[in-house]
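**Q** I am sharing my_file_36.cif, which consists of mmCIF, C-alpha atoms:
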data_data
loop_
_atom_site.label_atom_id
_atom_site.label_comp_id
_atom_site.auth_asym_id
_atom_site.auth_seq_id
_atom_site.Cartn_x
_atom_site.Cartn_y
_atom_site.Cartn_z
CA MET H 1 79.72 -62.14 136.04
CA GLN H 2 79.15 -59.52 138.71
CA SER H 3 79.85 -56.72 136.17
CA PHE H 4 77.36 -58.36 133.78
CA HIS H 5 74.62 -58.30 136.42
CA LYS H 6 75.38 -54.65 137.18
CA CYS H 7 75.08 -53.75 133.48
CA THR H 8 71.81 -55.71 133.19
CA LYS H 9 70.39 -53.91 136.19
CA LEU H 10 71.42 -50.53 134.75
CA VAL H 11 69.77 -51.27 131.39
CA THR H 12 66.58 -52.42 133.12
CA GLN H 13 66.45 -49.21 135.15
CA CYS H 14 66.98 -47.09 132.04
CA VAL H 15 64.27 -48.86 130.05
CA SER H 16 61.76 -48.65 132.87
CA SER H 17 62.27 -44.91 133.31
CA PHE H 18 61.32 -43.96 129.72
CA THR H 19 62.89 -40.53 130.25
CA LEU H 20 65.78 -39.48 128.02
CA PRO H 21 67.47 -37.18 130.57
CA VAL H 22 67.64 -40.01 133.09
CA VAL H 23 69.02 -42.39 130.48
CA ARG H 24 71.69 -39.87 129.53
CA GLU H 25 72.65 -39.25 133.17
CA MET H 26 72.93 -42.96 133.92
CA ALA H 27 74.93 -43.56 130.75
CA GLN H 28 77.39 -40.84 131.75
CA LYS H 29 77.76 -42.37 135.20
CA SER H 30 78.32 -45.84 133.74
CA VAL H 31 81.05 -44.46 131.46
CA ALA H 32 82.66 -42.71 134.42
CA ARG H 33 82.43 -45.88 136.50
CA ALA H 34 83.96 -47.97 133.70
CA THR H 35 86.78 -45.48 133.31
CA ILE H 36 87.52 -45.55 137.02
CA ASP H 37 87.42 -49.36 137.01
CA LYS H 38 90.13 -49.35 134.33
CA GLY H 39 92.46 -47.53 136.69
CA HIS H 40 91.93 -43.90 135.70
CA SER H 41 90.82 -42.99 139.20
CA SER H 42 91.56 -39.29 138.72
CA TRP H 43 89.19 -38.90 135.78
CA ASP H 44 86.32 -36.51 136.46
CA GLU H 45 83.14 -37.10 134.46
CA ASN H 46 82.37 -33.38 134.60
CA ILE H 47 85.66 -32.29 132.98
CA ARG H 48 85.81 -31.84 129.21
CA PRO H 49 89.55 -31.59 128.47
CA VAL H 50 90.98 -29.42 125.71
CA TYR H 51 91.64 -31.78 122.81
CA MET H 52 95.30 -31.72 121.75
CA ASP H 53 95.69 -35.22 120.31
CA ALA H 54 94.95 -34.79 116.60
CA GLN H 55 97.45 -37.48 115.57
CA ALA H 56 95.42 -40.10 117.46
CA THR H 57 92.15 -39.09 115.81
CA THR H 58 90.28 -36.00 114.65
CA PRO H 59 86.71 -34.89 115.35
CA MET H 60 84.39 -35.52 112.46
CA ASP H 61 83.71 -32.42 110.41
CA PRO H 62 79.95 -31.63 110.63
CA ARG H 63 79.91 -31.23 106.85
CA VAL H 64 81.08 -34.84 106.54
CA LEU H 65 78.33 -36.05 108.87
CA ASP H 66 75.74 -34.22 106.77
CA LYS H 67 76.82 -36.15 103.68
CA MET H 68 76.73 -39.46 105.56
CA LEU H 69 73.33 -39.19 107.24
CA PRO H 70 71.13 -40.14 104.25
CA TYR H 71 73.11 -43.37 103.83
CA LEU H 72 72.67 -44.24 107.49
CA GLY H 73 68.90 -44.22 107.05
CA SER H 74 67.03 -43.83 103.77
CA TYR H 75 69.65 -45.04 101.30
CA TYR H 76 70.51 -48.42 102.75
CA GLY H 77 71.14 -50.43 99.58
CA ASN H 78 74.04 -52.82 99.11
CA PRO H 79 76.43 -51.29 96.54
CA HIS H 80 77.05 -54.76 95.12
CA SER H 81 73.35 -55.36 94.35
CA ARG H 82 73.16 -54.82 90.58
CA THR H 83 69.53 -55.74 89.99
CA HIS H 84 67.62 -52.82 91.54
CA ALA H 85 67.69 -49.10 92.25
CA TYR H 86 68.73 -49.43 95.89
CA GLY H 87 72.00 -51.05 94.88
CA TRP H 88 72.58 -48.66 91.98
CA GLN H 89 72.10 -45.69 94.26
CA ALA H 90 74.62 -47.00 96.79
CA GLU H 91 77.08 -47.91 94.05
CA ASP H 92 76.88 -44.39 92.61
CA ALA H 93 77.68 -42.96 96.04
CA VAL H 94 80.68 -45.31 96.46
CA GLU H 95 82.08 -44.43 93.03
CA LYS H 96 81.64 -40.71 93.67
CA ALA H 97 83.64 -41.07 96.89
CA ARG H 98 86.29 -43.10 95.08
CA LYS H 99 86.75 -40.20 92.64
CA GLN H 100 86.86 -37.63 95.45
CA ILE H 101 89.71 -39.52 97.09
CA ALA H 102 91.55 -40.05 93.80
CA ASP H 103 91.30 -36.35 92.92
CA LEU H 104 92.92 -35.35 96.21
CA VAL H 105 96.05 -37.41 95.52
CA HIS H 106 96.00 -37.13 91.68
CA ALA H 107 95.24 -40.81 91.11
CA ASP H 108 92.90 -42.77 88.87
CA PRO H 109 89.68 -43.71 90.74
CA ARG H 110 90.26 -47.34 89.69
CA GLU H 111 93.46 -47.28 91.79
CA ILE H 112 91.59 -46.71 95.07
CA ILE H 113 90.86 -49.86 97.10
CA PHE H 114 88.64 -49.41 100.15
CA THR H 115 89.72 -50.98 103.46
CA SER H 116 88.81 -50.66 107.12
CA GLY H 117 91.65 -48.20 107.75
CA ALA H 118 95.37 -47.56 107.48
CA THR H 119 96.31 -50.62 109.54
CA GLU H 120 94.60 -52.96 107.09
CA SER H 121 95.97 -50.97 104.14
CA ASN H 122 99.51 -51.30 105.48
CA ASN H 123 99.09 -55.03 106.05
CA LEU H 124 97.69 -55.50 102.55
CA ALA H 125 100.46 -53.48 100.92
CA VAL H 126 103.44 -54.98 102.76
CA LYS H 127 102.30 -58.60 102.96
CA GLY H 128 100.41 -58.55 99.68
CA VAL H 129 103.29 -57.31 97.50
CA ALA H 130 105.94 -59.39 99.26
CA ARG H 131 103.96 -62.62 98.97
CA PHE H 132 102.88 -62.09 95.37
CA TYR H 133 106.46 -61.58 94.19
CA GLY H 134 107.92 -63.91 96.82
CA GLY H 135 108.82 -66.60 94.29
CA LYS H 136 111.75 -64.56 92.97
CA LYS H 137 112.09 -61.61 95.34
CA ARG H 138 112.44 -62.21 99.08
CA HIS H 139 113.71 -58.86 100.39
CA VAL H 140 111.81 -55.88 101.83
CA ILE H 141 113.17 -52.55 103.09
CA THR H 142 111.53 -50.42 105.78
CA SER H 143 112.64 -48.08 108.58
CA GLN H 144 112.89 -48.44 112.34
CA ILE H 145 110.32 -45.72 113.00
CA GLU H 146 107.41 -47.08 110.98
CA HIS H 147 103.96 -47.55 112.49
CA LYS H 148 103.71 -50.73 114.50
CA CYS H 149 101.41 -52.39 111.95
CA VAL H 150 104.12 -52.07 109.28
CA LEU H 151 106.83 -53.38 111.60
CA ASP H 152 104.66 -56.30 112.72
CA SER H 153 103.79 -57.10 109.09
CA CYS H 154 107.51 -57.23 108.33
CA ARG H 155 108.10 -59.53 111.29
CA ALA H 156 105.36 -61.81 110.00
CA LEU H 157 107.17 -61.92 106.66
CA GLU H 158 110.42 -62.75 108.45
CA ASN H 159 108.66 -65.75 109.98
CA ASP H 160 107.78 -66.79 106.41
CA GLY H 161 111.44 -66.68 105.39
CA PHE H 162 111.69 -63.17 103.92
CA ASP H 163 114.69 -60.92 104.58
CA ILE H 164 113.83 -57.51 106.04
CA THR H 165 116.19 -54.52 106.24
CA TYR H 166 115.21 -52.07 108.99
CA LEU H 167 116.89 -48.79 108.07
CA PRO H 168 118.15 -46.66 110.97
CA VAL H 169 117.23 -42.98 111.03
CA GLN H 170 119.31 -39.94 111.74
CA LYS H 171 119.00 -37.93 114.95
CA ASN H 172 116.38 -35.72 113.31
CA GLY H 173 114.28 -38.76 112.39
CA MET H 174 115.06 -38.64 108.66
CA VAL H 175 115.96 -41.73 106.66
CA CYS H 176 119.46 -41.40 105.21
CA LEU H 177 119.16 -41.82 101.44
CA ASP H 178 122.73 -43.15 101.22
CA GLU H 179 121.78 -45.94 103.64
CA LEU H 180 118.70 -46.69 101.55
CA ASP H 181 120.83 -46.81 98.39
CA LYS H 182 123.15 -49.36 100.02
CA ALA H 183 120.22 -51.49 101.19
CA PHE H 184 118.82 -52.27 97.71
CA ARG H 185 119.38 -55.82 96.47
CA PRO H 186 118.53 -57.59 93.21
CA ASP H 187 115.77 -59.46 95.06
CA THR H 188 114.22 -56.38 96.74
CA SER H 189 110.50 -56.26 95.96
CA LEU H 190 109.28 -53.42 98.18
CA VAL H 191 110.36 -50.33 100.11
CA SER H 192 107.90 -49.12 102.79
CA ILE H 193 108.68 -45.72 104.31
CA MET H 194 106.19 -43.59 106.26
CA PHE H 195 105.30 -40.18 104.75
CA VAL H 196 104.78 -38.27 108.03
CA ASN H 197 105.65 -39.92 111.33
CA ASN H 198 102.75 -40.13 113.76
CA GLU H 199 104.88 -39.48 116.87
CA ILE H 200 107.41 -36.81 115.93
CA GLY H 201 105.87 -35.37 112.75
CA VAL H 202 109.00 -35.76 110.63
CA LYS H 203 108.29 -35.65 106.89
CA GLN H 204 110.44 -38.00 104.81
CA ARG H 205 111.85 -37.18 101.37
CA VAL H 206 109.16 -39.18 99.63
CA SER H 207 109.81 -37.89 96.11
CA GLU H 208 113.51 -38.81 96.27
CA ILE H 209 112.73 -42.24 97.70
CA GLY H 210 110.12 -42.82 94.99
CA SER H 211 112.62 -41.94 92.26
CA MET H 212 115.25 -44.27 93.74
CA CYS H 213 112.76 -47.13 93.79
CA ARG H 214 111.45 -46.48 90.27
CA GLU H 215 115.00 -46.48 88.85
CA ARG H 216 115.56 -49.95 90.35
CA LYS H 217 112.10 -51.27 89.47
CA VAL H 218 111.28 -51.73 93.15
CA PHE H 219 107.77 -50.92 94.36
CA PHE H 220 107.42 -48.04 96.85
CA HIS H 221 104.76 -48.03 99.57
CA THR H 222 104.18 -45.17 101.97
CA ASP H 223 101.93 -44.97 105.01
CA ALA H 224 100.37 -41.53 104.42
CA ALA H 225 97.73 -41.61 107.16
CA GLN H 226 99.23 -38.47 108.72
CA ALA H 227 99.93 -36.74 105.40
CA VAL H 228 97.01 -37.08 102.97
CA GLY H 229 94.58 -34.19 103.35
CA LYS H 230 97.08 -32.12 105.34
CA ILE H 231 99.90 -31.56 102.85
CA PRO H 232 99.89 -31.77 99.03
CA VAL H 233 100.30 -35.35 97.75
CA ASP H 234 100.72 -36.33 94.10
CA VAL H 235 101.24 -40.06 93.66
CA ASN H 236 102.49 -39.61 90.10
CA GLU H 237 105.02 -36.85 90.70
CA MET H 238 106.25 -38.62 93.84
CA LYS H 239 106.37 -42.00 92.07
CA ILE H 240 104.39 -43.72 94.81
CA ASP H 241 103.17 -47.23 93.93
CA LEU H 242 101.08 -47.99 97.03
CA MET H 243 99.77 -45.56 99.65
CA SER H 244 97.71 -46.05 102.82
CA VAL H 245 95.01 -43.56 103.87
CA SER H 246 92.86 -43.35 107.01
CA GLY H 247 89.47 -41.63 107.32
CA HIS H 248 89.50 -40.60 110.96
CA LYS H 249 92.83 -38.75 110.65
CA ILE H 250 91.27 -36.24 108.24
CA TYR H 251 87.99 -35.38 110.02
CA GLY H 252 86.14 -38.35 108.56
CA PRO H 253 84.60 -41.44 110.17
CA LYS H 254 86.48 -44.22 111.92
CA GLY H 255 86.56 -47.71 110.45
CA ILE H 256 87.26 -46.69 106.87
CA GLY H 257 90.40 -46.11 104.83
CA CYS H 258 91.85 -47.01 101.49
CA LEU H 259 94.94 -48.23 99.70
CA PHE H 260 96.15 -46.64 96.50
CA VAL H 261 97.48 -49.39 94.19
CA ARG H 262 99.11 -48.19 90.98
CA ARG H 263 97.86 -49.58 87.67
CA LYS H 264 100.72 -48.38 85.40
CA PRO H 265 103.28 -49.73 86.01
CA ARG H 266 100.99 -52.37 87.43
CA VAL H 267 101.43 -53.48 91.03
CA ARG H 268 100.24 -56.99 91.84
CA VAL H 269 99.04 -57.71 95.37
CA GLU H 270 98.02 -60.96 97.02
CA PRO H 271 94.80 -60.34 99.03
CA ILE H 272 94.77 -61.01 102.76
CA ILE H 273 90.94 -61.20 102.92
CA ASN H 274 89.19 -63.62 100.58
CA GLY H 275 85.52 -63.89 99.68
CA GLY H 276 83.28 -62.29 97.09
CA GLY H 277 86.08 -60.68 95.13
CA GLN H 278 85.07 -57.06 95.68
CA GLU H 279 87.55 -54.22 95.09
CA ARG H 280 89.21 -55.80 92.05
CA GLY H 281 89.62 -59.00 94.04
CA LEU H 282 92.00 -57.32 96.48
CA ARG H 283 89.63 -56.80 99.39
CA SER H 284 86.50 -58.94 99.67
CA GLY H 285 83.54 -57.88 101.76
CA THR H 286 80.46 -55.67 101.47
CA LEU H 287 81.50 -52.04 101.27
CA PRO H 288 80.20 -49.77 104.11
CA THR H 289 78.52 -47.10 101.99
CA PRO H 290 77.98 -44.48 104.77
CA LEU H 291 81.63 -44.64 105.85
CA ILE H 292 82.89 -44.47 102.27
CA VAL H 293 80.67 -41.45 101.59
CA GLY H 294 82.18 -39.85 104.70
CA LEU H 295 85.74 -40.58 103.58
CA GLY H 296 85.06 -39.13 100.15
CA ALA H 297 83.49 -35.98 101.61
CA ALA H 298 86.39 -35.58 104.05
CA CYS H 299 88.91 -35.81 101.19
CA GLU H 300 87.01 -33.28 99.10
CA LEU H 301 86.89 -30.84 102.02
CA CYS H 302 90.60 -31.34 102.71
CA GLY H 303 91.35 -30.39 99.13
CA GLU H 304 89.21 -27.24 99.41
CA ASP H 305 90.46 -26.20 102.86
CA MET H 306 94.11 -27.33 102.69
CA GLU H 307 95.61 -23.88 102.22
CA PHE H 308 93.60 -22.38 105.07
CA ASP H 309 94.17 -25.39 107.35
CA SER H 310 97.91 -25.33 106.70
CA LYS H 311 98.27 -21.65 107.60
CA HIS H 312 96.05 -22.10 110.66
CA VAL H 313 97.95 -25.13 111.99
CA GLU H 314 101.35 -23.57 111.28
CA MET H 315 100.41 -20.39 113.14
CA LEU H 316 99.13 -22.30 116.17
CA SER H 317 102.16 -24.60 116.18
CA LYS H 318 104.59 -21.68 116.24
CA ARG H 319 102.55 -19.97 118.96
CA LEU H 320 102.62 -23.04 121.20
CA ILE H 321 106.34 -23.72 120.77
CA ASP H 322 107.28 -20.06 121.25
CA LYS H 323 105.24 -19.73 124.44
CA ILE H 324 106.59 -22.91 126.02
CA THR H 325 110.25 -22.39 125.09
CA ALA H 326 110.16 -18.72 126.15
CA SER H 327 109.17 -19.71 129.69
CA LEU H 328 110.89 -23.07 130.14
CA GLY H 329 114.47 -24.22 129.74
CA GLY H 330 115.50 -27.80 129.12
CA VAL H 331 112.91 -28.31 126.35
CA THR H 332 113.92 -30.46 123.37
CA ARG H 333 111.91 -30.74 120.18
CA ASN H 334 112.04 -34.29 118.85
CA GLY H 335 112.26 -34.67 115.09
CA ASP H 336 113.43 -32.35 112.34
CA ALA H 337 112.27 -28.75 112.78
CA VAL H 338 112.17 -28.08 109.01
CA HIS H 339 111.11 -31.34 107.34
CA THR H 340 108.04 -31.72 109.51
CA TYR H 341 104.27 -31.46 109.65
CA PRO H 342 103.68 -28.54 112.07
CA GLY H 343 100.52 -30.03 113.54
CA CYS H 344 102.54 -32.76 115.28
CA ILE H 345 104.81 -31.38 118.00
CA ASN H 346 106.81 -33.75 120.20
CA LEU H 347 108.62 -32.10 123.12
CA SER H 348 110.79 -33.58 125.85
CA PHE H 349 111.05 -31.80 129.20
CA SER H 350 114.26 -32.64 131.04
CA HIS H 351 113.85 -33.95 134.60
CA VAL H 352 110.10 -34.38 134.16
CA GLU H 353 108.54 -37.83 133.77
CA GLY H 354 106.12 -37.77 130.85
CA GLU H 355 103.46 -39.92 132.50
CA SER H 356 103.55 -37.73 135.62
CA LEU H 357 103.10 -34.65 133.47
CA LEU H 358 100.16 -36.22 131.65
CA MET H 359 98.49 -37.01 134.99
CA ALA H 360 99.05 -33.44 136.13
CA LEU H 361 97.53 -32.09 132.91
CA ARG H 362 94.07 -33.58 133.34
CA GLU H 363 92.52 -30.54 131.67
CA LEU H 364 94.33 -31.43 128.43
CA ALA H 365 93.85 -34.45 126.18
CA LEU H 366 97.46 -35.25 125.28
CA SER H 367 99.59 -38.28 124.53
CA SER H 368 103.09 -39.43 125.34
CA GLY H 369 103.39 -41.16 121.95
CA SER H 370 101.40 -43.23 119.46
CA ALA H 371 97.83 -43.97 120.54
CA CYS H 372 98.37 -47.55 119.36
CA THR H 373 101.13 -48.13 121.92
CA SER H 374 100.34 -45.53 124.60
CA ALA H 375 99.38 -48.24 127.13
CA SER H 376 103.01 -49.37 127.24
CA LEU H 377 105.33 -47.89 129.87
CA GLU H 378 108.34 -48.54 127.65
CA PRO H 379 109.97 -45.44 126.15
CA SER H 380 108.96 -44.71 122.57
CA TYR H 381 110.78 -46.92 120.06
CA VAL H 382 110.61 -43.99 117.62
CA LEU H 383 112.53 -41.70 119.97
CA ARG H 384 115.01 -44.43 120.80
CA ALA H 385 115.64 -44.92 117.10
CA THR H 386 116.57 -41.24 116.82
CA GLY H 387 119.21 -41.71 119.51
CA SER H 388 117.26 -40.21 122.38
CA ASP H 389 118.19 -41.72 125.74
CA ASP H 390 115.53 -43.48 127.79
CA VAL H 391 115.27 -40.67 130.35
CA LEU H 392 114.57 -38.01 127.71
CA ALA H 393 112.28 -40.35 125.78
CA HIS H 394 110.25 -40.92 128.96
CA SER H 395 109.77 -37.15 129.33
CA SER H 396 108.22 -36.62 125.89
CA ILE H 397 104.74 -35.27 125.22
CA ARG H 398 103.03 -35.12 121.83
CA PHE H 399 100.81 -32.14 121.02
CA GLY H 400 98.39 -32.62 118.12
CA ILE H 401 96.93 -29.51 116.47
CA GLY H 402 94.12 -29.65 113.93
CA ARG H 403 91.49 -27.80 111.92
CA PHE H 404 89.27 -27.02 114.90
CA THR H 405 92.00 -26.09 117.43
CA THR H 406 91.68 -22.46 118.58
CA VAL H 407 94.15 -19.80 119.70
CA GLU H 408 92.52 -19.83 123.14
CA GLU H 409 93.13 -23.56 123.46
CA ILE H 410 96.77 -23.13 122.48
CA ASP H 411 97.30 -20.40 125.08
CA TYR H 412 95.50 -22.47 127.73
CA THR H 413 97.66 -25.49 126.87
CA ALA H 414 100.91 -23.51 127.03
CA GLU H 415 100.03 -21.93 130.38
CA HIS H 416 99.13 -25.25 131.98
CA VAL H 417 102.18 -27.06 130.63
CA ILE H 418 104.51 -24.31 131.90
CA ASP H 419 102.85 -24.31 135.31
CA GLN H 420 102.90 -28.09 135.79
CA VAL H 421 106.44 -28.57 134.47
CA ASN H 422 107.69 -25.98 136.95
CA LYS H 423 105.84 -27.70 139.80
CA LEU H 424 107.25 -31.12 138.92
CA ARG H 425 110.77 -29.74 138.56
CA ASP H 426 110.51 -28.16 142.00
CA LEU H 427 110.18 -31.72 143.31
CA SER H 428 113.19 -32.98 141.35
CA PRO H 429 116.60 -32.93 143.08
CA LEU H 430 118.24 -33.57 139.70
CA TRP H 431 116.78 -30.37 138.27
CA GLU H 432 118.05 -28.46 141.31
CA MET H 433 121.53 -29.93 140.88
CA GLU H 434 121.57 -29.00 137.19
CA GLN H 435 120.53 -25.44 138.00
CA GLU H 436 123.47 -25.24 140.38
CA GLY H 437 125.79 -26.05 137.50
CA ILE H 438 126.49 -29.69 138.36
CA ASP H 439 127.20 -31.87 135.34
CA LEU H 440 124.98 -34.89 135.98
CA SER H 441 126.67 -36.95 133.29
CA LYS H 442 129.92 -36.97 135.29
CA ILE H 443 128.38 -38.16 138.53
CA GLU H 444 129.14 -41.78 139.43
CA TRP H 445 125.91 -43.13 140.85
CA THR H 446 126.06 -46.01 143.33
CA GLN H 447 123.40 -48.60 144.02
CA HIS H 448 122.40 -49.65 147.54
#
Rewrite the structure from the file as structure tokens, please.

**A**
Amino acid sequence: MQSFHKCTKLVTQCVSSFTLPVVREMAQKSVARATIDKGHSSWDENIRPVYMDAQATTPMDPRVLDKMLPYLGSYYGNPHSRTHAYGWQAEDAVEKARKQIADLVHADPREIIFTSGATESNNLAVKGVARFYGGKKRHVITSQIEHKCVLDSCRALENDGFDITYLPVQKNGMVCLDELDKAFRPDTSLVSIMFVNNEIGVKQRVSEIGSMCRERKVFFHTDAAQAVGKIPVDVNEMKIDLMSVSGHKIYGPKGIGCLFVRRKPRVRVEPIINGGGQERGLRSGTLPTPLIVGLGAACELCGEDMEFDSKHVEMLSKRLIDKITASLGGVTRNGDAVHTYPGCINLSFSHVEGESLLMALRELALSSGSACTSASLEPSYVLRATGSDDVLAHSSIRFGIGRFTTVEEIDYTAEHVIDQVNKLRDLSPLWEMEQEGIDLSKIEWTQH
């Protein structure tokens, strides 16, 4: 209640001032105060960190915003209103965006179902397919390193009596195809394997998995939030039956995504949101035209800029890794170095606690893992699944490189990481012992 009164007082002061600079200044102070109240006492409202967290989200491309603006003001019609020009205009914009998305992944526009984002798409795909075919098929296959929304959807199905196989991954983060082959059962309805992992960047053998599923008449779903728009995706060549896409991972707006649902061979899905029957009855609710226009524009731009973006990200990725590993020992890259998306780099620094390093690197916007689970102090379940021990998993940092990352930012990041890792290691007796040639694994530690 006290916080409510403070907010009310702040709003009253802002309104009474009628001066935009004052409003802006007070808003900035209220954000800073709120951040400090949440426990981030070291955050400085005057610092604008270098953004290196492109797997969490990407800045909106200004070209995308330009396409959205008319639909945030002048063109406000409901795309489901079929009796007047306002609705027709909005519907035309939605269908244009649907085609832009379909063209990027070589799909039919009728196979694109709009959702609020990849989390909803994953829920709809996993739960929707399993429940529709649940009368005869009660088995689903996934991996241990999927996004949390896929894993939680599978646990929800387990509570409904379904059998779930959680495939282990190899040390490099790749799903073993032999293990997948052994996991298939006559009652398997769905395989859900992530395209590009959001923590370690490993890129699965999607085409091979798709072929294995098609041969057995099992539907294949992939969470491609970190892949679409960044690497070439062809749902037909890769034999993908369902695919999740997120707008804000590809320089589009937040709050919008889509699910590709194949028409031939037809995939049936039980909806998880009921209502007016929009989106072929799979996802009811009024479509957010401005966000959909933004997603479509973002997909079109990704198709046009993919070659340039890929070369740019790959160059910056190599530069960052080379600079850090040339100056620091005890650095481990998590995930496969070849089958990977270069814009996602996950490094572990031995004898450095990841959270301590993040606090020391206030000038950099980084993450120690998935943004969806970064509040947890538990070591990453993805790294643990690859066989990484808890100590090394706790020392991991994820670097996200994107379209707007510059060479100067990469050099600045590398210099600060090297400097802070060295400072933290100077405080570590374990690092000193290792430098003296002592094998820490052979020491018998005693508790007091």

**Q** For Ile401 (chain H), find every residue with an atom within 10 Å (counting all atoms listed in the file), except residues of its own chain fewer than 5 positions away, and show them as a ChimeraX atom specification.

**A** /H:51-55,58,312-314,316-317,320,342-345,406,409-410

**Q** For the PyMOL selection byres ((chain H and resi 181-186) around 8), applied here, can you spell out every residue it catches as a PDB file with C-alpha atoms, in the coordinates of the input?

**A**
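And here is the file that came out, part_15.pdb:
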ATOM      1  CA  LYS H 137     112.090 -61.610  95.340  1.00  0.00           C
ATOM      2  CA  HIS H 139     113.710 -58.860 100.390  1.00  0.00           C
ATOM      3  CA  ILE H 141     113.170 -52.550 103.090  1.00  0.00           C
ATOM      4  CA  THR H 165     116.190 -54.520 106.240  1.00  0.00           C
ATOM      5  CA  LEU H 177     119.160 -41.820 101.440  1.00  0.00           C
ATOM      6  CA  ASP H 178     122.730 -43.150 101.220  1.00  0.00           C
ATOM      7  CA  GLU H 179     121.780 -45.940 103.640  1.00  0.00           C
ATOM      8  CA  LEU H 180     118.700 -46.690 101.550  1.00  0.00           C
ATOM      9  CA  ASP H 187     115.770 -59.460  95.060  1.00  0.00           C
ATOM     10  CA  THR H 188     114.220 -56.380  96.740  1.00  0.00           C
ATOM     11  CA  MET H 212     115.250 -44.270  93.740  1.00  0.00           C
TER      12      MET H 212
END

**Q** Care to translate the PyMOL selection byres ((chain H and resi 113-130) around 6) into actual residues of this file, as a list in words?

**A** Ile112, Arg131, Phe132, Tyr133, Gly134, Cys149, Ser153, Ser244, Val245, Ser246, Gly255, Ile256, Gly257, Cys258, Leu259, Val269, Glu270, Pro271 and Glu279 of chain H

**Q** For C-alpha atoms, I'd like the residues from the last selection saved as a PDB file, in the frame of the given file.

**A**
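Saved file out.pdb follows:
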ATOM      1  CA  ILE H 112      91.590 -46.710  95.070  1.00  0.00           C
ATOM      2  CA  ARG H 131     103.960 -62.620  98.970  1.00  0.00           C
ATOM      3  CA  PHE H 132     102.880 -62.090  95.370  1.00  0.00           C
ATOM      4  CA  TYR H 133     106.460 -61.580  94.190  1.00  0.00           C
ATOM      5  CA  GLY H 134     107.920 -63.910  96.820  1.00  0.00           C
ATOM      6  CA  CYS H 149     101.410 -52.390 111.950  1.00  0.00           C
ATOM      7  CA  SER H 153     103.790 -57.100 109.090  1.00  0.00           C
ATOM      8  CA  SER H 244      97.710 -46.050 102.820  1.00  0.00           C
ATOM      9  CA  VAL H 245      95.010 -43.560 103.870  1.00  0.00           C
ATOM     10  CA  SER H 246      92.860 -43.350 107.010  1.00  0.00           C
ATOM     11  CA  GLY H 255      86.560 -47.710 110.450  1.00  0.00           C
ATOM     12  CA  ILE H 256      87.260 -46.690 106.870  1.00  0.00           C
ATOM     13  CA  GLY H 257      90.400 -46.110 104.830  1.00  0.00           C
ATOM     14  CA  CYS H 258      91.850 -47.010 101.490  1.00  0.00           C
ATOM     15  CA  LEU H 259      94.940 -48.230  99.700  1.00  0.00           C
ATOM     16  CA  VAL H 269      99.040 -57.710  95.370  1.00  0.00           C
ATOM     17  CA  GLU H 270      98.020 -60.960  97.020  1.00  0.00           C
ATOM     18  CA  PRO H 271      94.800 -60.340  99.030  1.00  0.00           C
ATOM     19  CA  GLU H 279      87.550 -54.220  95.090  1.00  0.00           C
TER      20      GLU H 279
END

**Q** Looking at only C-alpha atoms, which of H:Lys136, H:His147, H:Lys264, H:Arg155 is the one that sits closest to Gln226 (chain H)?

**A**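 Looking at the shortest contact to Gln226 (chain H), the residue is H:His147.
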
**Q** Would you please work out which residue, of H:Lys423, H:His351, H:Lys203, H:His416, is nearest to Asp390 (chain H) when using only C-alpha atoms?

**A** H:His351

**Q** Near Leu366 (chain H), counting all atoms listed in the file, which residues have an atom at most 9 Å away, once you skip same-chain residues fewer than 4 positions from it, shown as JSON, numbers by chain?

**A** {"H": [50, 51, 52, 53, 358, 361, 362, 397, 398, 399, 400]}

**Q** For Asp241 (chain H), which residue among H:Glu363, H:Glu158, H:Glu355, H:Glu111 is the nearest when counting only C-alpha atoms?

**A**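 Using only C-alpha atoms, the shortest distance to Asp241 (chain H) belongs to H:Glu111.
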
**Q** Could you tell me, as a tab-separated table (two decimals) with C-alpha atoms, in the coordinates of the input, exactly which residues end up selected when the PyMOL selection byres ((chain H and resi 65-71) around 9) is applied to this structure?

**A**
chain	number	residue	atom	x	y	z
H	60	MET	CA	84.39	-35.52	112.46
H	61	ASP	CA	83.71	-32.42	110.41
H	62	PRO	CA	79.95	-31.63	110.63
H	63	ARG	CA	79.91	-31.23	106.85
H	64	VAL	CA	81.08	-34.84	106.54
H	72	LEU	CA	72.67	-44.24	107.49
H	73	GLY	CA	68.90	-44.22	107.05
H	74	SER	CA	67.03	-43.83	103.77
H	75	TYR	CA	69.65	-45.04	101.30
H	76	TYR	CA	70.51	-48.42	102.75
H	77	GLY	CA	71.14	-50.43	99.58
H	90	ALA	CA	74.62	-47.00	96.79
H	252	GLY	CA	86.14	-38.35	108.56
H	253	PRO	CA	84.60	-41.44	110.17
H	289	THR	CA	78.52	-47.10	101.99
H	290	PRO	CA	77.98	-44.48	104.77
H	291	LEU	CA	81.63	-44.64	105.85
H	292	ILE	CA	82.89	-44.47	102.27
H	293	VAL	CA	80.67	-41.45	101.59
H	294	GLY	CA	82.18	-39.85	104.70
H	297	ALA	CA	83.49	-35.98	101.61

**Q** Measuring atom to atom with only C-alpha atoms, identify which of H:Asp152, H:Val382, H:Asp163, H:Thr57 is nearest to Ala225 (chain H).

**A**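 Of H:Asp152, H:Val382, H:Asp163, H:Thr57, the one nearest Ala225 (chain H), counting only C-alpha atoms, is H:Thr57.
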
**Q** When distances are computed from all atoms listed in the file, which of H:Ser395, H:Glu415, H:Leu424, H:His339 shows the smallest separation from Ala360 (chain H)?

**A** H:Leu424

**Q** In Å to one decimal, how far is CA of Val202 (chain H) from CA of Asp336 (chain H)?

**A**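 CA of Asp336 (chain H) sits 5.8 Å away from CA of Val202 (chain H).
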